[in-house]
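Participant: File upload20.cif below, mmCIF, C-alpha atoms:
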data_coords
#
loop_
_atom_site.label_atom_id
_atom_site.label_comp_id
_atom_site.auth_asym_id
_atom_site.auth_seq_id
_atom_site.Cartn_x
_atom_site.Cartn_y
_atom_site.Cartn_z
CA MET P 1 13.96 30.00 -10.31
CA LYS P 2 12.35 27.84 -7.62
CA VAL P 3 8.89 28.51 -9.06
CA LEU P 4 10.09 27.46 -12.51
CA LEU P 5 11.71 24.34 -11.08
CA PHE P 6 8.57 23.23 -9.26
CA THR P 7 6.42 24.03 -12.30
CA GLY P 8 8.69 21.92 -14.48
CA LEU P 9 8.67 19.00 -12.06
CA GLY P 10 4.90 19.20 -11.80
CA ALA P 11 4.52 19.18 -15.59
CA LEU P 12 6.78 16.14 -15.92
CA LEU P 13 4.90 14.21 -13.26
CA PHE P 14 1.55 15.13 -14.82
CA ALA P 15 2.70 13.92 -18.23
CA TYR P 16 4.04 10.70 -16.69
CA TYR P 17 0.80 9.82 -14.92
CA TRP P 18 -1.46 10.96 -17.75
CA ASP P 19 0.07 8.60 -20.31
CA ASP P 20 -0.18 5.35 -18.35
CA ASN P 21 -1.68 3.07 -21.05
CA PHE P 22 -4.27 1.70 -18.64
CA ASP P 23 -6.54 -0.91 -20.25
CA PRO P 24 -9.31 -2.05 -17.86
CA THR P 25 -9.96 -5.18 -19.93
CA ARG P 26 -6.60 -6.58 -18.77
CA LEU P 27 -8.16 -7.17 -15.37
CA ARG P 28 -11.15 -9.17 -16.61
CA GLY P 29 -10.65 -12.71 -15.32
CA ALA P 30 -7.44 -11.79 -13.48
CA ARG P 31 -6.81 -13.80 -10.30
CA VAL P 32 -6.23 -11.41 -7.40
CA LEU P 33 -5.29 -11.99 -3.77
CA LEU P 34 -5.96 -8.79 -1.81
CA THR P 35 -5.00 -8.30 1.85
CA GLY P 36 -6.47 -5.70 4.19
CA ALA P 37 -9.71 -5.89 2.21
CA SER P 38 -12.28 -5.15 4.90
CA ALA P 39 -12.08 -1.35 5.15
CA GLY P 40 -10.55 1.84 3.75
CA VAL P 41 -8.45 1.64 0.61
CA GLY P 42 -8.53 -2.16 0.70
CA GLU P 43 -12.32 -2.24 0.58
CA GLU P 44 -12.32 0.21 -2.33
CA LEU P 45 -9.72 -1.90 -4.13
CA ALA P 46 -11.99 -4.94 -3.79
CA TYR P 47 -14.93 -3.03 -5.29
CA HIS P 48 -12.88 -1.72 -8.23
CA TYR P 49 -11.54 -5.20 -9.02
CA ALA P 50 -15.09 -6.60 -8.78
CA ARG P 51 -16.42 -4.03 -11.26
CA LEU P 52 -13.57 -4.91 -13.63
CA GLY P 53 -14.46 -8.61 -13.57
CA SER P 54 -11.52 -10.00 -11.59
CA HIS P 55 -11.57 -13.22 -9.57
CA LEU P 56 -10.90 -12.37 -5.92
CA VAL P 57 -9.64 -13.83 -2.69
CA LEU P 58 -10.01 -11.28 0.10
CA THR P 59 -8.43 -11.41 3.53
CA ALA P 60 -8.51 -9.35 6.72
CA PRO P 61 -8.74 -10.18 10.44
CA THR P 62 -12.51 -9.65 10.93
CA GLU P 63 -14.80 -12.20 9.29
CA ALA P 64 -18.00 -10.15 9.63
CA LEU P 65 -16.49 -7.20 7.77
CA LEU P 66 -15.11 -9.48 5.07
CA GLN P 67 -18.54 -11.06 4.55
CA LYS P 68 -20.02 -7.61 3.94
CA VAL P 69 -17.34 -6.73 1.37
CA VAL P 70 -17.72 -10.12 -0.36
CA GLY P 71 -21.47 -9.58 -0.69
CA ASN P 72 -20.95 -6.16 -2.23
CA CYS P 73 -18.33 -7.52 -4.65
CA ARG P 74 -20.77 -10.14 -5.88
CA LYS P 75 -23.39 -7.46 -6.49
CA LEU P 76 -20.81 -5.45 -8.45
CA GLY P 77 -20.15 -8.36 -10.80
CA ALA P 78 -17.12 -10.26 -9.49
CA PRO P 79 -17.32 -13.69 -11.21
CA LYS P 80 -15.61 -15.42 -8.27
CA VAL P 81 -14.96 -14.04 -4.79
CA PHE P 82 -13.76 -15.91 -1.72
CA TYR P 83 -12.58 -14.77 1.68
CA ILE P 84 -10.39 -16.02 4.49
CA ALA P 85 -10.15 -14.31 7.87
CA ALA P 86 -6.52 -14.10 9.00
CA ASP P 87 -4.45 -12.07 11.44
CA MET P 88 -1.08 -11.22 9.92
CA ALA P 89 0.41 -10.88 13.41
CA SER P 90 0.55 -14.68 13.33
CA SER P 91 3.62 -16.01 11.56
CA GLU P 92 1.58 -18.96 10.21
CA ALA P 93 -1.16 -16.84 8.62
CA PRO P 94 0.62 -15.61 5.43
CA GLU P 95 1.41 -19.06 4.03
CA HIS P 96 -2.06 -20.31 4.91
CA VAL P 97 -3.69 -17.38 3.11
CA VAL P 98 -1.66 -17.83 -0.08
CA GLN P 99 -2.32 -21.57 -0.17
CA PHE P 100 -6.04 -20.88 0.22
CA ALA P 101 -5.93 -18.47 -2.73
CA LEU P 102 -4.00 -20.94 -4.90
CA ASP P 103 -6.49 -23.68 -4.08
CA LYS P 104 -9.51 -21.50 -4.87
CA LEU P 105 -8.21 -19.69 -7.96
CA GLY P 106 -5.71 -22.18 -9.37
CA GLY P 107 -2.94 -19.56 -9.42
CA LEU P 108 -2.35 -15.84 -9.04
CA ASP P 109 -1.95 -12.95 -11.46
CA TYR P 110 -1.89 -10.21 -8.81
CA LEU P 111 -0.79 -10.20 -5.19
CA VAL P 112 -1.98 -6.90 -3.71
CA LEU P 113 -0.48 -6.29 -0.26
CA ASN P 114 -2.48 -3.64 1.55
CA HIS P 115 -2.93 -4.74 5.18
CA MET P 116 -1.42 -2.73 8.02
CA GLY P 117 -1.25 -2.51 11.77
CA SER P 118 -1.01 0.76 13.67
CA THR P 119 -0.70 1.77 17.30
CA PRO P 120 -1.57 5.01 19.11
CA ALA P 121 1.03 7.68 18.47
CA GLY P 122 3.43 8.93 21.10
CA MET P 123 6.55 8.14 23.05
CA ARG P 124 5.19 4.94 24.64
CA VAL P 125 5.13 3.01 21.35
CA ARG P 126 8.93 2.85 21.15
CA SER P 127 9.02 -0.42 23.12
CA ALA P 128 10.73 -3.41 21.51
CA GLN P 129 7.55 -5.46 21.91
CA THR P 130 5.42 -2.96 19.99
CA THR P 131 8.06 -2.58 17.29
CA ARG P 132 8.32 -6.37 16.91
CA TRP P 133 4.55 -6.65 16.48
CA LEU P 134 4.44 -3.85 13.91
CA MET P 135 7.35 -5.34 11.96
CA GLN P 136 5.55 -8.70 11.77
CA VAL P 137 2.28 -7.19 10.53
CA ASN P 138 3.62 -4.37 8.35
CA PHE P 139 6.80 -5.94 6.98
CA LEU P 140 7.57 -9.61 7.71
CA SER P 141 4.11 -10.83 6.70
CA TYR P 142 4.58 -9.01 3.38
CA VAL P 143 7.83 -10.92 2.88
CA GLN P 144 6.17 -14.23 3.76
CA LEU P 145 3.20 -13.65 1.45
CA THR P 146 5.52 -12.66 -1.38
CA SER P 147 7.81 -15.65 -0.91
CA ARG P 148 4.92 -18.09 -1.01
CA ALA P 149 3.15 -16.46 -3.97
CA LEU P 150 6.20 -15.73 -6.13
CA PRO P 151 6.35 -19.12 -7.91
CA SER P 152 2.74 -18.73 -9.08
CA LEU P 153 3.30 -15.10 -10.09
CA THR P 154 6.38 -16.19 -12.04
CA ASP P 155 4.33 -18.76 -13.94
CA SER P 156 1.65 -16.20 -14.80
CA LYS P 157 4.08 -13.33 -15.41
CA GLY P 158 2.06 -11.50 -12.82
CA SER P 159 2.37 -8.47 -10.58
CA LEU P 160 3.21 -7.66 -6.99
CA VAL P 161 1.40 -4.51 -5.84
CA VAL P 162 2.56 -3.13 -2.49
CA VAL P 163 0.51 -0.38 -0.84
CA SER P 164 2.79 1.66 1.39
CA SER P 165 2.84 5.16 2.82
CA LEU P 166 4.62 8.47 2.63
CA LEU P 167 6.01 7.52 6.06
CA GLY P 168 8.09 4.90 4.25
CA ARG P 169 9.91 7.62 2.32
CA VAL P 170 9.88 10.65 4.63
CA PRO P 171 10.39 10.24 8.41
CA ALA P 172 7.64 11.71 10.57
CA SER P 173 7.29 12.57 14.24
CA PHE P 174 5.63 10.20 16.75
CA SER P 175 5.37 7.24 14.37
CA ILE P 176 8.78 5.61 14.80
CA PRO P 177 7.95 1.85 14.63
CA TYR P 178 5.34 2.32 11.90
CA SER P 179 7.68 4.42 9.78
CA ALA P 180 10.52 1.91 10.29
CA ALA P 181 8.35 -0.91 8.95
CA LYS P 182 7.36 1.15 5.91
CA PHE P 183 10.99 2.05 5.18
CA ALA P 184 11.75 -1.68 5.34
CA LEU P 185 9.07 -2.33 2.70
CA ASP P 186 10.63 0.23 0.39
CA GLY P 187 14.08 -1.35 0.75
CA PHE P 188 12.92 -4.94 0.40
CA PHE P 189 10.68 -4.53 -2.63
CA GLY P 190 13.05 -2.10 -4.35
CA SER P 191 15.82 -4.71 -4.03
CA LEU P 192 13.50 -7.53 -5.07
CA ARG P 193 12.58 -5.64 -8.25
CA ARG P 194 16.26 -5.38 -9.21
CA GLU P 195 16.89 -9.02 -8.37
CA LEU P 196 14.00 -10.17 -10.55
CA ASP P 197 15.24 -7.98 -13.40
CA VAL P 198 18.75 -9.46 -13.17
CA GLN P 199 17.31 -12.98 -13.23
CA ASP P 200 14.97 -12.16 -16.15
CA VAL P 201 11.92 -13.05 -14.06
CA ASN P 202 8.90 -11.32 -15.59
CA VAL P 203 7.12 -10.32 -12.37
CA ALA P 204 6.33 -6.61 -11.96
CA VAL P 205 6.78 -4.92 -8.58
CA THR P 206 4.69 -1.78 -8.06
CA LEU P 207 5.26 0.18 -4.85
CA CYS P 208 2.42 2.58 -4.06
CA VAL P 209 3.03 5.58 -1.80
CA LEU P 210 -0.19 6.96 -0.32
CA GLY P 211 -0.63 9.97 1.92
CA LEU P 212 -1.79 9.61 5.52
CA ARG P 213 -5.21 11.05 4.79
CA ASP P 214 -5.86 8.24 2.32
CA ARG P 215 -5.19 5.60 4.99
CA ALA P 216 -7.96 6.03 7.55
CA SER P 217 -6.59 3.37 9.89
CA ALA P 218 -3.17 5.01 9.90
CA ALA P 219 -4.69 8.35 10.73
CA GLU P 220 -6.64 6.74 13.58
CA GLY P 221 -3.32 5.83 15.16
CA VAL P 222 -2.27 9.48 15.36
CA ARG P 223 -5.68 10.93 16.22
CA GLY P 224 -5.23 13.97 18.46
CA VAL P 225 -1.54 14.20 17.58
CA SER P 226 -1.51 14.80 13.82
CA ARG P 227 -3.67 17.51 12.29
CA ALA P 228 -3.91 15.59 9.01
CA ARG P 229 -7.47 14.74 8.00
CA THR P 230 -8.60 11.47 6.51
CA ALA P 231 -10.48 11.28 3.24
CA PRO P 232 -12.31 8.49 1.36
CA GLY P 233 -10.05 6.24 -0.67
CA PRO P 234 -11.81 5.39 -3.99
CA GLN P 235 -9.47 7.61 -6.02
CA ALA P 236 -6.39 6.31 -4.21
CA ALA P 237 -7.56 2.74 -4.82
CA LEU P 238 -8.03 3.39 -8.53
CA ALA P 239 -4.51 4.86 -8.73
CA VAL P 240 -3.16 1.67 -7.14
CA ILE P 241 -5.05 -0.52 -9.61
CA ARG P 242 -3.90 1.52 -12.61
CA GLY P 243 -0.30 1.30 -11.44
CA GLY P 244 -0.47 -2.45 -10.97
CA ALA P 245 -2.22 -3.07 -14.29
CA THR P 246 0.34 -1.00 -16.21
CA ARG P 247 3.24 -2.62 -14.30
CA ALA P 248 4.50 0.76 -13.13
CA SER P 249 7.43 0.68 -10.73
CA GLY P 250 5.88 3.34 -8.49
CA VAL P 251 2.60 5.11 -7.77
CA PHE P 252 2.23 8.32 -5.75
CA TYR P 253 -1.23 9.39 -4.63
CA PRO P 254 -1.84 12.24 -4.53
CA TRP P 255 0.86 12.88 -7.13
CA ARG P 256 2.38 15.78 -5.17
CA LEU P 257 3.81 13.21 -2.74
CA HIS P 258 6.45 12.57 -5.39
CA LEU P 259 7.60 16.17 -4.94
CA LEU P 260 7.73 15.72 -1.15
CA CYS P 261 9.95 12.67 -1.57
CA LEU P 262 12.27 14.62 -3.86
CA LEU P 263 12.36 17.51 -1.40
CA ARG P 264 13.52 15.19 1.35
CA GLY P 265 16.95 15.08 -0.27
CA TRP P 266 17.14 18.89 -0.19
CA LEU P 267 15.75 19.29 3.33
CA PRO P 268 16.70 16.11 5.24
CA ARG P 269 16.08 17.71 8.64
CA PRO P 270 13.28 20.30 8.56
CA PRO P 271 13.23 22.88 11.34
CA ALA P 272 11.20 21.99 14.43
CA TRP P 273 8.79 24.90 13.85
CA PHE P 274 7.93 23.45 10.44
CA VAL P 275 7.21 19.99 11.88
CA ARG P 276 4.95 21.48 14.57
CA GLN P 277 2.61 22.90 11.93
CA ASP P 278 1.17 19.41 11.39
CA LEU P 279 1.18 18.34 15.06
CA ASN P 280 -0.77 18.95 18.20
CA VAL P 281 2.44 19.07 20.25
CA SER P 282 0.70 19.14 23.65
CA ALA P 283 -1.22 15.96 22.81
CA ALA P 284 1.96 14.28 21.55
CA ALA P 285 3.83 15.17 24.74
CA ALA P 286 1.00 13.81 26.88
CA ALA P 287 1.19 10.51 25.00
#
I'd like the structure from this file rewritten - as structure tokens, please.
Facilitator:
Amino acid sequence: MKVLLFTGLGALLFAYYWDDNFDPTRLRGARVLLTGASAGVGEELAYHYARLGSHLVLTAPTEALLQKVVGNCRKLGAPKVFYIAADMASSEAPEHVVQFALDKLGGLDYLVLNHMGSTPAGMRVRSAQTTRWLMQVNFLSYVQLTSRALPSLTDSKGSLVVVSSLLGRVPASFSIPYSAAKFALDGFFGSLRRELDVQDVNVAVTLCVLGLRDRASAAEGVRGVSRARTAPGPQAALAVIRGGATRASGVFYPWRLHLLCLLRGWLPRPPAWFVRQDLNVSAAAAA
């Protein structure tokens, strides 16, 4: 019975993601503000948008890395590409970044929120100071960017694309502040989607749930503690772009993460022995 149930769920999810009506031409000339664009999935997102002919404003903390990505985007055919170095730990940065994008592009069709901050895993990261910093970078800056960009997105009937993590749906060991920030994203943007629907505001909200191994910087934070391996993100980035372009409410990459989220309701507290299979417990205890 369980095998049949999982097979049925898998078939439904496959059918859902197969028929997504993705039309790449919709992104030609689209005005995109992309955060966290200097590495990992964010860098791959920038390259995909460039190939598709979108106008880009890219942001990340490190100017040298941004300059490299901007140069590659121009080679790939982006008609317009600008960058602004900004640290989202600063409460002033989000509004400044959005205003820069509005000035350069004249408006926004897509706000793609992908930046993140992580800290080394372990017991010591439970401090209020660390949690406050992570909430500013991984949650509050998302709220600020959205608030400032929403009027322009409303005018263009645009899309909000939020790149999150499985840790925002399923709690994990030794990542308490990071997971809390990701859960906050899920609650905020899920509620915002409903609010916009009630108000008949035609702005799509797409929440993308990626696995740890598709977020290299997240995996770096749990190096030596988690046994999960990182992998390149071009396929994950394309899944995010497809979801945003088709105005999907949610994207799961890889798709089996959807099953893990469903299983959480059936197994809210997995046995400790099961959790240890993905952890180097001695390293975690030493942290």
Participant: Going by the chain IDs and residue numbers used in this file, which residues fall under the PyMOL selection byres ((chain P and resi 248) around 12)? Write them as a PDB file with C-alpha atoms, keeping the file's coordinate frame.
Facilitator:
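Printed below is out_17.pdb as written:
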ATOM      1  CA  TYR P  16       4.040  10.700 -16.690  1.00  0.00           C
ATOM      2  CA  TYR P  17       0.800   9.820 -14.920  1.00  0.00           C
ATOM      3  CA  ASP P  19       0.070   8.600 -20.310  1.00  0.00           C
ATOM      4  CA  ASP P  20      -0.180   5.350 -18.350  1.00  0.00           C
ATOM      5  CA  ASN P  21      -1.680   3.070 -21.050  1.00  0.00           C
ATOM      6  CA  PHE P  22      -4.270   1.700 -18.640  1.00  0.00           C
ATOM      7  CA  SER P 159       2.370  -8.470 -10.580  1.00  0.00           C
ATOM      8  CA  LEU P 160       3.210  -7.660  -6.990  1.00  0.00           C
ATOM      9  CA  VAL P 161       1.400  -4.510  -5.840  1.00  0.00           C
ATOM     10  CA  VAL P 162       2.560  -3.130  -2.490  1.00  0.00           C
ATOM     11  CA  ARG P 193      12.580  -5.640  -8.250  1.00  0.00           C
ATOM     12  CA  VAL P 203       7.120 -10.320 -12.370  1.00  0.00           C
ATOM     13  CA  ALA P 204       6.330  -6.610 -11.960  1.00  0.00           C
ATOM     14  CA  VAL P 205       6.780  -4.920  -8.580  1.00  0.00           C
ATOM     15  CA  THR P 206       4.690  -1.780  -8.060  1.00  0.00           C
ATOM     16  CA  LEU P 207       5.260   0.180  -4.850  1.00  0.00           C
ATOM     17  CA  CYS P 208       2.420   2.580  -4.060  1.00  0.00           C
ATOM     18  CA  ALA P 239      -4.510   4.860  -8.730  1.00  0.00           C
ATOM     19  CA  VAL P 240      -3.160   1.670  -7.140  1.00  0.00           C
ATOM     20  CA  ILE P 241      -5.050  -0.520  -9.610  1.00  0.00           C
ATOM     21  CA  ARG P 242      -3.900   1.520 -12.610  1.00  0.00           C
ATOM     22  CA  GLY P 243      -0.300   1.300 -11.440  1.00  0.00           C
ATOM     23  CA  GLY P 244      -0.470  -2.450 -10.970  1.00  0.00           C
ATOM     24  CA  ALA P 245      -2.220  -3.070 -14.290  1.00  0.00           C
ATOM     25  CA  THR P 246       0.340  -1.000 -16.210  1.00  0.00           C
ATOM     26  CA  ARG P 247       3.240  -2.620 -14.300  1.00  0.00           C
ATOM     27  CA  SER P 249       7.430   0.680 -10.730  1.00  0.00           C
ATOM     28  CA  GLY P 250       5.880   3.340  -8.490  1.00  0.00           C
ATOM     29  CA  VAL P 251       2.600   5.110  -7.770  1.00  0.00           C
ATOM     30  CA  PHE P 252       2.230   8.320  -5.750  1.00  0.00           C
TER      31      PHE P 252
END
Participant: Could you check how far CA of Gln136 in chain P sits from CA of Ile176 in chain P, in Å to one decimal?
Facilitator: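 Atom-to-atom, CA of Gln136 in chain P and CA of Ile176 in chain P are spaced 15.0 Å apart.
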Participant: Might you pull out every residue within 8 Å of Ile84 in chain P, with all atoms listed in the file counted and same-chain residues fewer than 3 positions away left off, and present them as a list of chain:residue names?
Facilitator: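 Neighbouring residues, sequence-local ones excluded: P:Val57, P:Leu58, P:Thr59, P:Ala60, P:Glu63, P:Val97, P:Phe100.
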Participant: To verify the selection step, state as a count of residues only which residues the PyMOL selection byres ((chain P and resi 154) around 12) yields on this input.
Facilitator: 27
Participant: For the atom pair CA of Thr130 in chain P and CA of Ser118 in chain P, what is the interatomic distance in Å to one decimal place?
Facilitator: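 Straight-line distance from CA of Thr130 in chain P to CA of Ser118 in chain P works out to 9.8 Å.
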Participant: Tell me, as a PyMOL selection string, which residues lie within 6 Å of range 26-31 of chain P, counting only C-alpha atoms; anything in the same chain fewer than 2 positions away does not count.
Facilitator: chain P and resi 23-24+52-55+108-109
Participant: From the list P:Leu134, P:Val69, P:Ala128, P:Arg194, which residue is nearest Ala89 in chain P when using all atoms listed in the file?
Facilitator: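 Under the stated criterion, the closest residue is P:Leu134.
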Participant: Skip Asp87 in chain P itself and residues of its chain fewer than 3 positions away, then list as a ChimeraX atom specification all residues within 10 Å of it, counting only C-alpha atoms.
Facilitator: /P:36,59-62,84,90-94,97,115,137,141
Participant: Any idea what the distance is between CA of Tyr49 in chain P and CA of Val70 in chain P?
Facilitator: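 Computing it gives 11.7 Å between the two atoms.
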Participant: For the PyMOL selection byres ((chain P and resi 48) around 10), applied here, can you spell out every residue it catches as a PDB file with C-alpha atoms, in the frame of the given file?
Facilitator:
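Listing of out_14.pdb after writing:
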ATOM      1  CA  GLY P  42      -8.530  -2.160   0.700  1.00  0.00           C
ATOM      2  CA  GLU P  43     -12.320  -2.240   0.580  1.00  0.00           C
ATOM      3  CA  GLU P  44     -12.320   0.210  -2.330  1.00  0.00           C
ATOM      4  CA  LEU P  45      -9.720  -1.900  -4.130  1.00  0.00           C
ATOM      5  CA  ALA P  46     -11.990  -4.940  -3.790  1.00  0.00           C
ATOM      6  CA  TYR P  47     -14.930  -3.030  -5.290  1.00  0.00           C
ATOM      7  CA  TYR P  49     -11.540  -5.200  -9.020  1.00  0.00           C
ATOM      8  CA  ALA P  50     -15.090  -6.600  -8.780  1.00  0.00           C
ATOM      9  CA  ARG P  51     -16.420  -4.030 -11.260  1.00  0.00           C
ATOM     10  CA  LEU P  52     -13.570  -4.910 -13.630  1.00  0.00           C
ATOM     11  CA  GLY P  53     -14.460  -8.610 -13.570  1.00  0.00           C
ATOM     12  CA  SER P  54     -11.520 -10.000 -11.590  1.00  0.00           C
ATOM     13  CA  CYS P  73     -18.330  -7.520  -4.650  1.00  0.00           C
ATOM     14  CA  LEU P  76     -20.810  -5.450  -8.450  1.00  0.00           C
ATOM     15  CA  ALA P  78     -17.120 -10.260  -9.490  1.00  0.00           C
ATOM     16  CA  PRO P 234     -11.810   5.390  -3.990  1.00  0.00           C
ATOM     17  CA  ALA P 237      -7.560   2.740  -4.820  1.00  0.00           C
ATOM     18  CA  LEU P 238      -8.030   3.390  -8.530  1.00  0.00           C
ATOM     19  CA  ILE P 241      -5.050  -0.520  -9.610  1.00  0.00           C
TER      20      ILE P 241
END
Participant: Kindly provide, as lines of an AutoDock Vina configuration file, the centre and edge lengths (Å, one decimal) of an axis-aligned box around all atoms of range 51-58 of chain P given in the file, with 3 Å on each side.
Facilitator:
center_x = -13.0
center_y = -8.9
center_z = -6.8
size_x = 12.8
size_y = 15.8
size_z = 19.7
Participant: Pick out the closest residue to Gly71 in chain P from this set: P:Ser38, P:Leu166, P:His96, P:Ala101. Count all atoms listed in the file.
Facilitator: P:Ser38
Participant: Can you work out which one of P:Leu145, P:Ala85, P:Leu113, P:Val163 has the shortest atom-to-atom distance to Tyr253 in chain P, counting all atoms listed in the file?
Facilitator: P:Val163
